[in-house]
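Student: Sharing a structure, written as structure tokens. Questions coming.
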Amino acid sequence: MAEVNKGRKTLGIDVDSTLAESMETFINIYNRKYRKTAKLSDLMEYDLTKSLGISKAEMRAIFEETWHEWKKIPIVDSRIPGYVNSLAEKYYIKIITYNDTKDANLKKWLSKHGIQYGEIVYEIPESKWMHCDAIIDDYPKVIDAADRMGKLCIFLRKPWSNQAELELSGRVLKLSNWSEIYGHLISKEVYDQI
Ligand SMILES: [Mg+2]
């Protein structure tokens, strides 16, 4: 899998809610553990510790369990492998995610879906920008930090992102699906401006 970044620009891609539709599994585990009946639509806040009233450690533990169930986690869009593998001819692909507890299971999930990548990087949201020239993420905190550092930012909109995206700068591309994301990133004009 190791690939040399032959002068190509690096594209960073987030995992949870960007490639993997993992929040449904996350909510199910949360409900099971805490005897709750939360639904995905209850997640109006990006900060899960706030919207669910749990600590960071608890959130981490639930994410770890979520990825134990990697076989149940659907892909956000069945066309993603085709898009990412096509983009991999132009860009060096880095999968950039926060929670390192999912490492082995994430690799299995990526392999199951046939998604090609150069490497996986584990990084806190505020510093993901350090590892790439352009970034795709659904978390406003990641996008805001990357935008301030002059990176090309693609914010993947989610049903719960209406309020959050209003606070992002006009430079950020706010897109609703992978077909739009691919259309932008594959264009020569976009590549040249990164
Ligand atoms: Mg995410």
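Identifiers in this document derive from the order of the structure tokens: chains are assigned A, B, ..., residues are numbered from 1 separately in each chain, and ligands are numbered from 1 in order of occurrence.
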Write out as a list in words the set of residues from chain A that DSSP, computed on the backbone, places in strand (DSSP E or B).

Tutor: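 DSSP on the backbone gives strand (DSSP E or B) at Thr10, Leu11, Gly12, Ile13, Asp16, Ala20, Ile75, Tyr92, Ile93, Lys94, Ile95, Ile96, Thr97, Glu119, Ile120, Val121, Tyr122, Ala134, Ile135, Ile136, Asp137, Leu152, Cys153, Ile154, Phe155, Leu156, Leu173, Lys174 and Leu175 of chain A.
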
Student: Residues as selected, C-alpha atoms, written as a JSON list (two decimals), in the first residue's frame, can you do that?

Tutor:
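The new file again.json reads:
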```json
[["chain", "number", "residue", "atom", "x", "y", "z"],
["A", 10, "THR", "CA", -1.97, 15.46, -1.10],
["A", 11, "LEU", "CA", -5.68, 15.00, -0.59],
["A", 12, "GLY", "CA", -6.78, 14.34, 2.98],
["A", 13, "ILE", "CA", -10.04, 12.45, 3.45],
["A", 16, "ASP", "CA", -16.54, 9.00, 9.98],
["A", 20, "ALA", "CA", -18.12, 5.65, 6.37],
["A", 75, "ILE", "CA", -20.22, 3.35, 2.87],
["A", 92, "TYR", "CA", -1.61, 11.29, -3.00],
["A", 93, "ILE", "CA", -4.47, 10.06, -0.81],
["A", 94, "LYS", "CA", -4.22, 10.29, 2.96],
["A", 95, "ILE", "CA", -7.00, 8.99, 5.12],
["A", 96, "ILE", "CA", -6.98, 11.39, 8.09],
["A", 97, "THR", "CA", -9.02, 10.56, 11.15],
["A", 119, "GLU", "CA", -1.46, 6.09, 4.16],
["A", 120, "ILE", "CA", -3.64, 6.55, 7.21],
["A", 121, "VAL", "CA", -2.88, 9.41, 9.61],
["A", 122, "TYR", "CA", -4.35, 9.86, 13.10],
["A", 134, "ALA", "CA", -6.68, 19.78, 0.20],
["A", 135, "ILE", "CA", -9.11, 18.24, 2.66],
["A", 136, "ILE", "CA", -12.59, 16.69, 2.67],
["A", 137, "ASP", "CA", -14.33, 16.58, 6.05],
["A", 152, "LEU", "CA", -8.46, 23.88, -0.27],
["A", 153, "CYS", "CA", -11.40, 22.85, 1.89],
["A", 154, "ILE", "CA", -14.37, 20.73, 0.94],
["A", 155, "PHE", "CA", -17.04, 20.61, 3.59],
["A", 156, "LEU", "CA", -19.35, 17.63, 3.13],
["A", 173, "LEU", "CA", -16.64, 24.53, -0.93],
["A", 174, "LYS", "CA", -19.83, 23.32, 0.75],
["A", 175, "LEU", "CA", -20.96, 20.25, -1.15]]
```

Student: Enumerate, as number ranges by chain, the complete set of residues in region 2-194 of chain A that a backbone-based DSSP assignment places in alpha helix (DSSP H).

Tutor: A: 23-34, 48-52, 56-68, 80-87, 103-112, 140-148, 162-166, 178-186, 188-193

Student: Would you mind exporting the chosen residues as an mmCIF file, in the first residue's frame, restricted to C-alpha atoms?

Tutor:
```
data_model
loop_
_atom_site.group_PDB
_atom_site.id
_atom_site.type_symbol
_atom_site.label_atom_id
_atom_site.label_comp_id
_atom_site.auth_asym_id
_atom_site.auth_seq_id
_atom_site.Cartn_x
_atom_site.Cartn_y
_atom_site.Cartn_z
ATOM 1 C CA MET A 23 -23.025 7.245 13.135
ATOM 2 C CA GLU A 24 -25.999 4.890 12.926
ATOM 3 C CA THR A 25 -23.891 2.129 14.513
ATOM 4 C CA PHE A 26 -22.492 4.664 16.991
ATOM 5 C CA ILE A 27 -26.011 5.686 18.098
ATOM 6 C CA ASN A 28 -27.110 2.056 18.417
ATOM 7 C CA ILE A 29 -24.170 1.281 20.688
ATOM 8 C CA TYR A 30 -24.779 4.447 22.704
ATOM 9 C CA ASN A 31 -28.458 3.467 23.175
ATOM 10 C CA ARG A 32 -27.553 -0.071 24.177
ATOM 11 C CA LYS A 33 -24.907 1.079 26.668
ATOM 12 C CA TYR A 34 -26.848 3.876 28.318
ATOM 13 C CA LEU A 48 -21.178 14.514 20.544
ATOM 14 C CA THR A 49 -20.191 15.112 24.143
ATOM 15 C CA LYS A 50 -22.681 18.009 24.154
ATOM 16 C CA SER A 51 -25.493 16.484 22.130
ATOM 17 C CA LEU A 52 -25.412 13.174 24.018
ATOM 18 C CA LYS A 56 -14.672 12.522 25.691
ATOM 19 C CA ALA A 57 -13.460 9.189 27.082
ATOM 20 C CA GLU A 58 -16.955 7.720 26.751
ATOM 21 C CA MET A 59 -17.204 9.018 23.198
ATOM 22 C CA ARG A 60 -13.857 7.415 22.348
ATOM 23 C CA ALA A 61 -14.973 4.116 23.853
ATOM 24 C CA ILE A 62 -18.182 4.133 21.798
ATOM 25 C CA PHE A 63 -16.229 4.903 18.625
ATOM 26 C CA GLU A 64 -13.907 2.013 19.393
ATOM 27 C CA GLU A 65 -16.885 -0.326 19.780
ATOM 28 C CA THR A 66 -18.474 1.122 16.648
ATOM 29 C CA TRP A 67 -15.432 0.074 14.631
ATOM 30 C CA HIS A 68 -15.423 -3.376 16.190
ATOM 31 C CA ILE A 80 -16.803 6.414 -3.477
ATOM 32 C CA PRO A 81 -14.295 3.650 -4.376
ATOM 33 C CA GLY A 82 -14.506 4.605 -8.055
ATOM 34 C CA TYR A 83 -14.122 8.298 -7.271
ATOM 35 C CA VAL A 84 -11.270 7.932 -4.781
ATOM 36 C CA ASN A 85 -9.366 5.470 -6.965
ATOM 37 C CA SER A 86 -9.657 7.834 -9.902
ATOM 38 C CA LEU A 87 -8.506 10.779 -7.737
ATOM 39 C CA ASP A 103 -6.841 1.237 13.098
ATOM 40 C CA ALA A 104 -7.012 -2.487 12.290
ATOM 41 C CA ASN A 105 -10.758 -2.404 11.677
ATOM 42 C CA LEU A 106 -10.542 0.698 9.521
ATOM 43 C CA LYS A 107 -7.951 -1.033 7.302
ATOM 44 C CA LYS A 108 -10.287 -4.002 6.906
ATOM 45 C CA TRP A 109 -13.192 -1.696 6.059
ATOM 46 C CA LEU A 110 -11.173 0.224 3.434
ATOM 47 C CA SER A 111 -9.975 -3.024 1.918
ATOM 48 C CA LYS A 112 -13.493 -4.500 1.853
ATOM 49 C CA PRO A 140 -16.648 22.356 10.780
ATOM 50 C CA LYS A 141 -13.773 22.567 13.266
ATOM 51 C CA VAL A 142 -11.481 20.694 10.854
ATOM 52 C CA ILE A 143 -12.567 22.782 7.881
ATOM 53 C CA ASP A 144 -12.288 26.078 9.713
ATOM 54 C CA ALA A 145 -8.720 25.338 10.868
ATOM 55 C CA ALA A 146 -7.665 24.139 7.397
ATOM 56 C CA ASP A 147 -9.251 27.156 5.728
ATOM 57 C CA ARG A 148 -7.330 29.523 7.996
ATOM 58 C CA ASN A 162 -27.114 23.792 8.471
ATOM 59 C CA GLN A 163 -26.190 26.026 11.353
ATOM 60 C CA ALA A 164 -22.506 25.090 11.460
ATOM 61 C CA GLU A 165 -21.847 25.727 7.782
ATOM 62 C CA LEU A 166 -23.099 29.301 8.048
ATOM 63 C CA TRP A 178 -19.488 12.706 -3.542
ATOM 64 C CA SER A 179 -20.462 13.258 -7.142
ATOM 65 C CA GLU A 180 -19.965 17.013 -6.635
ATOM 66 C CA ILE A 181 -16.761 16.444 -4.664
ATOM 67 C CA TYR A 182 -15.293 14.309 -7.422
ATOM 68 C CA GLY A 183 -16.356 16.800 -10.096
ATOM 69 C CA HIS A 184 -14.424 19.569 -8.363
ATOM 70 C CA LEU A 185 -11.281 17.683 -7.466
ATOM 71 C CA ILE A 186 -10.806 16.033 -10.840
ATOM 72 C CA LYS A 188 -7.469 20.704 -13.781
ATOM 73 C CA GLU A 189 -8.386 24.251 -12.712
ATOM 74 C CA VAL A 190 -9.011 23.143 -9.145
ATOM 75 C CA TYR A 191 -5.853 20.989 -9.030
ATOM 76 C CA ASP A 192 -3.738 23.872 -10.339
ATOM 77 C CA GLN A 193 -5.059 26.343 -7.773
#
```

Student: Please, which residues have at least one atom within 7 Å of an atom of ligand 1, using only C-alpha atoms and all ligand atoms, listed as a PDB file with C-alpha atoms, in the first residue's frame?

Tutor:
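Written file, result03.pdb:
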```pdb
ATOM      1  CA  ASP A  14     -11.887  12.076   6.739  1.00  0.00           C
ATOM      2  CA  VAL A  15     -13.470   8.739   7.720  1.00  0.00           C
ATOM      3  CA  ASP A  16     -16.539   9.004   9.984  1.00  0.00           C
ATOM      4  CA  SER A  17     -19.525  10.485   8.107  1.00  0.00           C
ATOM      5  CA  THR A  18     -17.303  11.329   5.105  1.00  0.00           C
ATOM      6  CA  ASP A 137     -14.327  16.580   6.047  1.00  0.00           C
ATOM      7  CA  ASP A 138     -17.816  16.936   7.556  1.00  0.00           C
ATOM      8  CA  TYR A 139     -16.600  18.515  10.794  1.00  0.00           C
TER       9      TYR A 139
END
```

Student: For CA of Ser161 (chain A) and CA of Tyr91 (chain A), determine how far apart the two atoms are, in Å to one decimal place.

Tutor: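 Interatomic distance here is 27.4 Å.
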